[in-house]
>>> print(open('coords24.txt').read())   # compact mmCIF, C-alpha atoms
# COMPACT_ATOMS: atom_id res chain seq x y z
CA MET J 401 -0.07 5.70 -41.18
CA LYS J 402 2.91 7.52 -39.72
CA THR J 403 6.28 5.78 -39.79
CA ASN J 404 8.96 6.19 -37.19
CA SER J 405 11.90 8.04 -38.74
CA ILE J 406 14.25 7.98 -35.72
CA ASP J 407 17.69 6.54 -36.46
CA TYR J 408 18.27 4.55 -33.26
CA LYS J 409 21.93 3.89 -34.12
CA SER J 410 22.63 7.61 -33.67
CA ILE J 411 21.53 7.52 -30.01
CA PRO J 412 24.56 6.81 -27.75
CA GLY J 413 24.13 3.53 -25.87
CA TRP J 414 20.93 2.52 -27.67
CA GLY J 415 20.66 -1.25 -28.07
CA ILE J 416 23.91 -1.91 -26.23
CA ASP J 417 22.49 -5.15 -24.81
CA ILE J 418 20.94 -6.48 -28.02
CA ASP J 419 23.93 -8.50 -29.23
CA PRO J 420 24.25 -11.64 -27.04
CA GLU J 421 27.82 -12.11 -28.32
CA ASN J 422 28.79 -8.77 -26.73
CA GLU J 423 28.15 -9.85 -23.14
CA PRO J 424 29.98 -7.43 -20.77
CA THR J 425 30.13 -10.00 -17.96
CA TYR J 426 31.57 -12.75 -20.20
CA PRO J 427 34.63 -13.85 -18.23
CA MET J 428 32.82 -13.81 -14.88
CA LYS J 429 29.42 -15.20 -15.89
CA ASN J 430 28.56 -18.68 -17.02
CA TYR J 431 26.43 -17.67 -20.02
CA THR J 432 23.80 -20.30 -20.78
CA GLY J 433 21.74 -18.52 -23.42
CA ASP J 434 18.66 -18.53 -21.17
CA ASP J 435 19.24 -14.96 -20.00
CA HIS J 436 17.03 -13.54 -22.73
CA LYS J 437 14.18 -15.83 -21.62
CA ARG J 438 14.24 -14.82 -17.94
CA SER J 439 10.88 -13.03 -18.07
CA VAL J 440 9.12 -16.14 -19.36
CA TYR J 441 8.47 -18.43 -16.41
CA GLU J 442 5.59 -20.14 -14.67
CA ARG J 443 4.32 -18.00 -11.82
CA SER J 444 3.75 -19.64 -8.46
CA GLU J 445 0.43 -19.57 -6.63
CA PRO J 446 -0.07 -16.43 -4.55
CA GLN J 447 -0.19 -16.76 -0.78
CA PRO J 448 -3.81 -17.06 0.33
CA VAL J 449 -5.20 -14.00 2.10
CA ASN J 450 -6.79 -15.22 5.34
CA ILE J 451 -6.27 -12.10 7.48
CA GLU J 452 -7.09 -8.44 6.98
CA LEU J 453 -4.36 -7.17 4.69
CA LEU J 454 -3.91 -3.50 3.83
CA LYS J 455 -2.95 -2.82 0.22
CA SER J 456 -1.85 0.32 -1.55
CA ASN J 457 -4.51 1.78 -3.82
CA GLU J 458 -1.81 2.10 -6.48
CA ARG J 459 -1.28 -1.65 -6.83
CA PRO J 460 -3.76 -3.87 -8.63
CA ALA J 461 -3.34 -6.93 -6.42
CA PHE J 462 -1.78 -8.14 -3.20
CA SER J 463 1.89 -9.13 -3.19
CA MET J 464 2.54 -12.78 -3.98
CA VAL J 465 4.03 -13.29 -0.50
CA PHE J 466 3.49 -11.18 2.63
CA GLY J 467 3.93 -11.43 6.37
CA GLU J 468 1.10 -12.45 8.67
CA SER J 469 2.34 -11.38 12.08
CA ILE J 470 -0.42 -9.09 13.36
CA PRO J 471 -3.46 -7.80 11.48
CA PRO J 472 -4.34 -4.14 12.10
CA SER J 473 -6.52 -3.62 15.18
CA GLY J 474 -7.58 -0.94 17.64
CA LEU J 475 -6.95 2.75 17.16
CA SER J 476 -3.68 2.11 15.29
CA GLY J 477 -5.55 -0.17 12.89
CA MET J 478 -8.11 2.55 12.21
CA ILE J 479 -5.31 5.02 11.49
CA ARG J 480 -3.62 2.52 9.14
CA ARG J 481 -6.89 1.89 7.27
CA TYR J 482 -7.24 5.66 6.80
CA ALA J 483 -3.65 5.92 5.53
CA PHE J 484 -4.12 3.18 2.94
CA LYS J 485 -7.07 5.03 1.40
CA HIS J 486 -4.60 7.64 0.14
CA SER J 487 -1.88 7.56 -2.48
CA GLU J 488 1.70 6.75 -1.48
CA ASP J 489 2.91 10.10 -2.78
CA ARG J 490 0.90 12.04 -0.18
CA TYR J 491 1.66 12.96 3.40
CA ARG J 492 -1.89 11.71 4.14
CA HIS J 493 -0.46 8.21 3.62
CA TRP J 494 2.91 8.35 5.40
CA ILE J 495 2.28 10.62 8.41
CA PRO J 496 -0.68 8.53 9.65
CA LEU J 497 1.43 5.37 9.29
CA ILE J 498 4.13 6.92 11.49
CA LEU J 499 1.45 7.98 13.99
CA ALA J 500 -0.08 4.48 13.88
CA ASP J 501 3.30 2.97 14.82
CA ARG J 502 3.54 5.25 17.86
CA VAL J 503 -0.05 4.53 18.89
CA ASN J 504 0.57 0.80 18.43
CA ALA J 505 3.54 0.97 20.81
CA TRP J 506 1.31 2.50 23.51
CA GLU J 507 -1.40 -0.07 22.77
CA GLY J 508 1.20 -2.77 23.39
CA ILE J 509 2.10 -1.27 26.76
CA VAL J 510 -1.57 -1.05 27.76
CA ASP J 511 -2.10 -4.64 26.56
CA ASP J 512 0.85 -5.83 28.67
CA LEU J 513 -0.56 -4.06 31.74
CA LYS J 514 -4.00 -5.66 31.13
CA LYS J 515 -2.35 -9.09 31.11
CA GLY J 516 -0.58 -8.27 34.38
CA THR J 517 2.88 -7.95 32.83
CA ILE J 518 4.88 -4.86 33.64
CA PRO J 519 6.83 -3.93 30.52
CA ASN J 520 10.58 -3.48 30.92
CA ILE J 521 10.75 -0.15 29.10
CA PHE J 522 14.40 0.34 30.09
CA ALA J 523 15.44 -2.82 28.18
CA GLU J 524 12.93 -2.43 25.34
CA ARG J 525 14.18 1.08 24.55
CA GLY J 526 17.82 -0.09 24.52
CA MET J 527 18.86 2.23 27.32
CA LYS J 528 21.67 -0.05 28.52
CA SER J 529 23.40 0.23 25.14
CA GLU J 530 22.59 3.92 25.03
CA MET J 531 24.34 4.48 28.36
CA LYS J 532 27.33 2.41 27.28
CA TYR J 533 27.91 3.81 23.78
CA ASN J 534 26.24 7.23 23.90
CA ALA J 535 26.61 8.30 27.53
CA GLY J 536 26.85 12.10 27.14
CA PRO J 537 23.77 12.68 24.96
CA PHE J 538 21.85 10.03 26.91
CA ALA J 539 22.54 11.85 30.21
CA LYS J 540 21.45 15.14 28.63
CA LYS J 541 18.24 13.54 27.35
CA ALA J 542 17.55 11.93 30.76
CA LEU J 543 18.10 15.22 32.64
CA THR J 544 15.89 17.08 30.19
CA THR J 545 13.14 14.50 30.64
CA VAL J 546 13.37 14.73 34.43
CA ALA J 547 13.34 18.56 34.31
CA VAL J 548 10.28 18.62 32.03
CA GLY J 549 8.54 16.07 34.26
CA ILE J 550 9.18 18.11 37.39
CA ALA J 551 8.04 21.30 35.64
CA LEU J 552 4.80 19.64 34.51
CA TYR J 553 4.21 18.28 38.00
CA LEU J 554 4.70 21.73 39.54
CA LEU J 555 2.41 23.36 36.97
CA CYS J 556 -0.35 20.85 37.63
CA ARG J 557 0.09 21.22 41.38
CA LYS J 558 -0.25 25.02 41.27
CA LYS J 559 -3.55 24.87 39.40
CA LYS J 560 -5.17 22.90 42.22
>>> encode(input="coords24.txt", output="structure tokens")
Amino acid sequence: MKTNSIDYKSIPGWGIDIDPENEPTYPMKNYTGDDHKRSVYERSEPQPVNIELLKSNERPAFSMVFGESIPPSGLSGMIRRYAFKHSEDRYRHWIPLILADRVNAWEGIVDDLKKGTIPNIFAERGMKSEMKYNAGPFAKKALTTVAVGIALYLLCRKKK
């Protein structure tokens, strides 16, 4: 059996928090003595999973509490399911999630149009604030968008 021959006292800062009498927050903190027992507590019941919930493959279980606003659906849901099959340290996880957000925005617009509601894209994109607080770059962006739109229209028109 091999014994550990490291002298921990020679390591700077080692065991600095061992002595409860040497509490660095003493004058500000009401020390009750329970601070060293903070990891021993009764865990609450986890939130029941009653919707489709996507979970990282790096975590053993679902979070104790999570939001339930909208389960993944449609094309964006398929993209999200693909992303969650891959590790969080890969672009194959994060890039599809960014793409799924963009696709989901378009799905929302299509869904609004199906319901007969015309989306107010001007207000939803915050263009009023953009014009007020960022007028120069906003005008440049708007003119560029108009120029590209006209160019695309002319290109499509010539092909016919």
>>> residues_around(input="coords24.txt", residues="Trp494 in chain J", least_positions_apart="6", cutoff="10 Å", atoms="only C-alpha atoms", output="mmCIF file with C-alpha atoms, keeping the file's coordinate frame")
data_model
loop_
_atom_site.group_PDB
_atom_site.id
_atom_site.type_symbol
_atom_site.label_atom_id
_atom_site.label_comp_id
_atom_site.auth_asym_id
_atom_site.auth_seq_id
_atom_site.Cartn_x
_atom_site.Cartn_y
_atom_site.Cartn_z
ATOM 1 C CA ARG J 480 -3.620 2.520 9.140
ATOM 2 C CA ALA J 483 -3.650 5.920 5.530
ATOM 3 C CA PHE J 484 -4.120 3.180 2.940
ATOM 4 C CA HIS J 486 -4.600 7.640 0.140
ATOM 5 C CA SER J 487 -1.880 7.560 -2.480
ATOM 6 C CA GLU J 488 1.700 6.750 -1.480
ATOM 7 C CA ALA J 500 -0.080 4.480 13.880
#
>>> residues_around(input="coords24.txt", residues="range 464-468 of chain J", least_positions_apart="5", cutoff="12 Å", atoms="all atoms listed in the file", output="list of chain:residue names")
J:Arg443, J:Ser444, J:Glu445, J:Pro446, J:Gln447, J:Pro448, J:Val449, J:Asn450, J:Ile451, J:Glu452, J:Leu453, J:Leu454, J:Lys455
>>> residues_around(input="coords24.txt", residues="range 519-526 of chain J", least_positions_apart="6", cutoff="10 Å", atoms="all atoms listed in the file", output="ChimeraX atom specification")
/J:508-513
>>> atom_distance(input="coords24.txt", atom1="CA of Pro472 in chain J", atom2="CA of Asp501 in chain J")
10.8 Å
>>> atom_distance(input="coords24.txt", atom1="CA of Leu475 in chain J", atom2="CA of Asn504 in chain J")
7.9 Å
>>> axis_aligned_box(input="coords24.txt", around="range 504-514 of chain J", padding_each_side="6 Å", output="JSON")
{"center_x": -0.2, "center_y": -1.7, "center_z": 25.1, "size_x": 19.5, "size_y": 20.3, "size_z": 25.3}
>>> atom_distance(input="coords24.txt", atom1="CA of Lys485 in chain J", atom2="CA of Pro460 in chain J")
13.8 Å
>>> closest_residue(input="coords24.txt", among="J:Ile479, J:Lys558, J:Ala551, J:Pro471", to="Arg502 in chain J", atoms="only C-alpha atoms")
J:Ile479
>>> residues_near_point(input="coords24.txt", point="(18.5, 9.8, 29.4)", cutoff="12 Å", atoms="only C-alpha atoms", output="short mmCIF file (atom, residue, chain, number, x, y, z; two decimals) with C-alpha atoms, keeping the file's coordinate frame")
data_model
loop_
_atom_site.label_atom_id
_atom_site.label_comp_id
_atom_site.auth_asym_id
_atom_site.auth_seq_id
_atom_site.Cartn_x
_atom_site.Cartn_y
_atom_site.Cartn_z
CA PHE J 522 14.40 0.34 30.09
CA ARG J 525 14.18 1.08 24.55
CA GLY J 526 17.82 -0.09 24.52
CA MET J 527 18.86 2.23 27.32
CA LYS J 528 21.67 -0.05 28.52
CA SER J 529 23.40 0.23 25.14
CA GLU J 530 22.59 3.92 25.03
CA MET J 531 24.34 4.48 28.36
CA LYS J 532 27.33 2.41 27.28
CA ASN J 534 26.24 7.23 23.90
CA ALA J 535 26.61 8.30 27.53
CA GLY J 536 26.85 12.10 27.14
CA PRO J 537 23.77 12.68 24.96
CA PHE J 538 21.85 10.03 26.91
CA ALA J 539 22.54 11.85 30.21
CA LYS J 540 21.45 15.14 28.63
CA LYS J 541 18.24 13.54 27.35
CA ALA J 542 17.55 11.93 30.76
CA LEU J 543 18.10 15.22 32.64
CA THR J 544 15.89 17.08 30.19
CA THR J 545 13.14 14.50 30.64
CA VAL J 546 13.37 14.73 34.43
CA ALA J 547 13.34 18.56 34.31
#
>>> decode(input="coords24.txt", residues="range 412-545 of chain J", atoms="C-alpha atoms", output="PDB file, in the first residue's frame")
ATOM      1  CA  PRO J 412       0.396  28.068  -0.418  1.00  0.00           C
ATOM      2  CA  GLY J 413      -3.304  28.521   0.369  1.00  0.00           C
ATOM      3  CA  TRP J 414      -3.970  24.838   1.033  1.00  0.00           C
ATOM      4  CA  GLY J 415      -6.639  24.334   3.687  1.00  0.00           C
ATOM      5  CA  ILE J 416      -7.236  28.056   4.124  1.00  0.00           C
ATOM      6  CA  ASP J 417     -10.929  27.425   4.807  1.00  0.00           C
ATOM      7  CA  ILE J 418     -10.511  24.503   7.207  1.00  0.00           C
ATOM      8  CA  ASP J 419     -10.406  26.516  10.444  1.00  0.00           C
ATOM      9  CA  PRO J 420     -13.954  27.779  11.208  1.00  0.00           C
ATOM     10  CA  GLU J 421     -12.475  30.300  13.674  1.00  0.00           C
ATOM     11  CA  ASN J 422     -10.608  31.980  10.780  1.00  0.00           C
ATOM     12  CA  GLU J 423     -13.727  33.101   8.910  1.00  0.00           C
ATOM     13  CA  PRO J 424     -12.748  35.887   6.446  1.00  0.00           C
ATOM     14  CA  THR J 425     -16.283  37.308   6.365  1.00  0.00           C
ATOM     15  CA  TYR J 426     -16.590  37.458  10.177  1.00  0.00           C
ATOM     16  CA  PRO J 427     -17.654  41.061  10.744  1.00  0.00           C
ATOM     17  CA  MET J 428     -20.141  41.065   7.866  1.00  0.00           C
ATOM     18  CA  LYS J 429     -21.620  37.576   8.186  1.00  0.00           C
ATOM     19  CA  ASN J 430     -23.819  36.209  10.907  1.00  0.00           C
ATOM     20  CA  TYR J 431     -21.941  32.931  11.415  1.00  0.00           C
ATOM     21  CA  THR J 432     -24.266  30.205  12.687  1.00  0.00           C
ATOM     22  CA  GLY J 433     -22.000  27.173  12.468  1.00  0.00           C
ATOM     23  CA  ASP J 434     -24.259  25.531   9.867  1.00  0.00           C
ATOM     24  CA  ASP J 435     -22.099  26.673   6.953  1.00  0.00           C
ATOM     25  CA  HIS J 436     -20.099  23.460   6.984  1.00  0.00           C
ATOM     26  CA  LYS J 437     -23.334  21.435   6.726  1.00  0.00           C
ATOM     27  CA  ARG J 438     -24.717  23.261   3.673  1.00  0.00           C
ATOM     28  CA  SER J 439     -24.315  20.283   1.336  1.00  0.00           C
ATOM     29  CA  VAL J 440     -26.427  18.059   3.585  1.00  0.00           C
ATOM     30  CA  TYR J 441     -30.078  18.852   2.932  1.00  0.00           C
ATOM     31  CA  GLU J 442     -33.259  17.120   1.864  1.00  0.00           C
ATOM     32  CA  ARG J 443     -33.710  17.403  -1.875  1.00  0.00           C
ATOM     33  CA  SER J 444     -37.089  18.474  -3.204  1.00  0.00           C
ATOM     34  CA  GLU J 445     -39.117  16.430  -5.660  1.00  0.00           C
ATOM     35  CA  PRO J 446     -38.142  17.041  -9.289  1.00  0.00           C
ATOM     36  CA  GLN J 447     -40.640  18.730 -11.577  1.00  0.00           C
ATOM     37  CA  PRO J 448     -42.619  16.069 -13.439  1.00  0.00           C
ATOM     38  CA  VAL J 449     -41.784  15.751 -17.131  1.00  0.00           C
ATOM     39  CA  ASN J 450     -45.084  15.880 -19.025  1.00  0.00           C
ATOM     40  CA  ILE J 451     -43.845  17.413 -22.287  1.00  0.00           C
ATOM     41  CA  GLU J 452     -41.058  16.530 -24.691  1.00  0.00           C
ATOM     42  CA  LEU J 453     -37.931  17.856 -23.028  1.00  0.00           C
ATOM     43  CA  LEU J 454     -34.539  17.909 -24.726  1.00  0.00           C
ATOM     44  CA  LYS J 455     -31.610  17.042 -22.462  1.00  0.00           C
ATOM     45  CA  SER J 456     -27.879  17.235 -22.976  1.00  0.00           C
ATOM     46  CA  ASN J 457     -26.262  13.842 -23.443  1.00  0.00           C
ATOM     47  CA  GLU J 458     -23.637  14.955 -20.918  1.00  0.00           C
ATOM     48  CA  ARG J 459     -26.078  15.179 -18.020  1.00  0.00           C
ATOM     49  CA  PRO J 460     -27.435  12.093 -16.288  1.00  0.00           C
ATOM     50  CA  ALA J 461     -30.907  13.464 -15.556  1.00  0.00           C
ATOM     51  CA  PHE J 462     -33.235  16.347 -16.284  1.00  0.00           C
ATOM     52  CA  SER J 463     -32.872  19.555 -14.277  1.00  0.00           C
ATOM     53  CA  MET J 464     -34.949  19.673 -11.105  1.00  0.00           C
ATOM     54  CA  VAL J 465     -36.921  22.633 -12.497  1.00  0.00           C
ATOM     55  CA  PHE J 466     -37.347  23.692 -16.134  1.00  0.00           C
ATOM     56  CA  GLY J 467     -39.601  25.861 -18.255  1.00  0.00           C
ATOM     57  CA  GLU J 468     -42.575  24.452 -20.121  1.00  0.00           C
ATOM     58  CA  SER J 469     -43.402  27.189 -22.597  1.00  0.00           C
ATOM     59  CA  ILE J 470     -43.272  25.419 -25.968  1.00  0.00           C
ATOM     60  CA  PRO J 471     -42.124  21.873 -26.719  1.00  0.00           C
ATOM     61  CA  PRO J 472     -40.009  21.465 -29.870  1.00  0.00           C
ATOM     62  CA  SER J 473     -42.089  21.029 -33.024  1.00  0.00           C
ATOM     63  CA  GLY J 474     -41.852  21.322 -36.788  1.00  0.00           C
ATOM     64  CA  LEU J 475     -38.610  21.724 -38.685  1.00  0.00           C
ATOM     65  CA  SER J 476     -37.001  23.692 -35.839  1.00  0.00           C
ATOM     66  CA  GLY J 477     -37.860  20.851 -33.451  1.00  0.00           C
ATOM     67  CA  MET J 478     -36.201  18.334 -35.757  1.00  0.00           C
ATOM     68  CA  ILE J 479     -33.081  20.502 -35.881  1.00  0.00           C
ATOM     69  CA  ARG J 480     -33.057  20.813 -32.069  1.00  0.00           C
ATOM     70  CA  ARG J 481     -33.414  17.040 -31.638  1.00  0.00           C
ATOM     71  CA  TYR J 482     -30.423  16.581 -33.949  1.00  0.00           C
ATOM     72  CA  ALA J 483     -28.388  19.134 -31.968  1.00  0.00           C
ATOM     73  CA  PHE J 484     -29.066  17.437 -28.636  1.00  0.00           C
ATOM     74  CA  LYS J 485     -27.668  14.146 -29.948  1.00  0.00           C
ATOM     75  CA  HIS J 486     -24.221  15.764 -29.936  1.00  0.00           C
ATOM     76  CA  SER J 487     -21.913  16.901 -27.165  1.00  0.00           C
ATOM     77  CA  GLU J 488     -22.032  20.506 -25.967  1.00  0.00           C
ATOM     78  CA  ASP J 489     -18.389  21.015 -26.891  1.00  0.00           C
ATOM     79  CA  ARG J 490     -19.063  20.525 -30.610  1.00  0.00           C
ATOM     80  CA  TYR J 491     -20.255  22.916 -33.273  1.00  0.00           C
ATOM     81  CA  ARG J 492     -22.698  20.130 -34.244  1.00  0.00           C
ATOM     82  CA  HIS J 493     -24.585  21.071 -31.066  1.00  0.00           C
ATOM     83  CA  TRP J 494     -24.507  24.880 -31.075  1.00  0.00           C
ATOM     84  CA  ILE J 495     -24.766  25.812 -34.770  1.00  0.00           C
ATOM     85  CA  PRO J 496     -27.955  23.758 -35.291  1.00  0.00           C
ATOM     86  CA  LEU J 497     -29.475  25.382 -32.185  1.00  0.00           C
ATOM     87  CA  ILE J 498     -28.792  28.836 -33.652  1.00  0.00           C
ATOM     88  CA  LEU J 499     -30.276  27.692 -36.974  1.00  0.00           C
ATOM     89  CA  ALA J 500     -33.306  26.227 -35.157  1.00  0.00           C
ATOM     90  CA  ASP J 501     -33.962  29.618 -33.520  1.00  0.00           C
ATOM     91  CA  ARG J 502     -33.971  31.319 -36.933  1.00  0.00           C
ATOM     92  CA  VAL J 503     -36.204  28.642 -38.452  1.00  0.00           C
ATOM     93  CA  ASN J 504     -38.544  28.895 -35.454  1.00  0.00           C
ATOM     94  CA  ALA J 505     -38.916  32.646 -36.030  1.00  0.00           C
ATOM     95  CA  TRP J 506     -40.028  31.999 -39.624  1.00  0.00           C
ATOM     96  CA  GLU J 507     -42.342  29.213 -38.442  1.00  0.00           C
ATOM     97  CA  GLY J 508     -43.950  31.748 -36.098  1.00  0.00           C
ATOM     98  CA  ILE J 509     -44.530  34.178 -38.962  1.00  0.00           C
ATOM     99  CA  VAL J 510     -46.070  31.424 -41.110  1.00  0.00           C
ATOM    100  CA  ASP J 511     -48.207  30.321 -38.149  1.00  0.00           C
ATOM    101  CA  ASP J 512     -49.449  33.897 -37.653  1.00  0.00           C
ATOM    102  CA  LEU J 513     -50.359  34.152 -41.343  1.00  0.00           C
ATOM    103  CA  LYS J 514     -52.238  30.809 -41.157  1.00  0.00           C
ATOM    104  CA  LYS J 515     -54.300  32.189 -38.272  1.00  0.00           C
ATOM    105  CA  GLY J 516     -55.074  35.312 -40.298  1.00  0.00           C
ATOM    106  CA  THR J 517     -52.878  37.625 -38.214  1.00  0.00           C
ATOM    107  CA  ILE J 518     -50.432  39.831 -40.051  1.00  0.00           C
ATOM    108  CA  PRO J 519     -47.304  40.075 -37.912  1.00  0.00           C
ATOM    109  CA  ASN J 520     -46.067  43.569 -37.083  1.00  0.00           C
ATOM    110  CA  ILE J 521     -42.453  42.907 -38.034  1.00  0.00           C
ATOM    111  CA  PHE J 522     -41.563  46.600 -37.659  1.00  0.00           C
ATOM    112  CA  ALA J 523     -42.495  46.542 -33.942  1.00  0.00           C
ATOM    113  CA  GLU J 524     -41.283  42.993 -33.270  1.00  0.00           C
ATOM    114  CA  ARG J 525     -37.814  43.783 -34.608  1.00  0.00           C
ATOM    115  CA  GLY J 526     -37.571  46.944 -32.475  1.00  0.00           C
ATOM    116  CA  MET J 527     -37.162  49.233 -35.461  1.00  0.00           C
ATOM    117  CA  LYS J 528     -38.729  52.236 -33.696  1.00  0.00           C
ATOM    118  CA  SER J 529     -36.005  52.153 -31.037  1.00  0.00           C
ATOM    119  CA  GLU J 530     -33.416  51.450 -33.699  1.00  0.00           C
ATOM    120  CA  MET J 531     -34.427  54.588 -35.604  1.00  0.00           C
ATOM    121  CA  LYS J 532     -34.441  56.661 -32.427  1.00  0.00           C
ATOM    122  CA  TYR J 533     -31.158  55.533 -30.845  1.00  0.00           C
ATOM    123  CA  ASN J 534     -29.172  54.188 -33.807  1.00  0.00           C
ATOM    124  CA  ALA J 535     -30.390  56.259 -36.748  1.00  0.00           C
ATOM    125  CA  GLY J 536     -27.234  56.359 -38.920  1.00  0.00           C
ATOM    126  CA  PRO J 537     -26.446  52.626 -39.012  1.00  0.00           C
ATOM    127  CA  PHE J 538     -30.167  51.822 -39.248  1.00  0.00           C
ATOM    128  CA  ALA J 539     -30.532  54.031 -42.349  1.00  0.00           C
ATOM    129  CA  LYS J 540     -27.466  52.386 -43.890  1.00  0.00           C
ATOM    130  CA  LYS J 541     -28.890  48.929 -43.183  1.00  0.00           C
ATOM    131  CA  ALA J 542     -32.307  49.905 -44.600  1.00  0.00           C
ATOM    132  CA  LEU J 543     -30.785  51.360 -47.799  1.00  0.00           C
ATOM    133  CA  THR J 544     -28.615  48.280 -48.246  1.00  0.00           C
ATOM    134  CA  THR J 545     -31.648  46.027 -47.844  1.00  0.00           C
TER     135      THR J 545
END
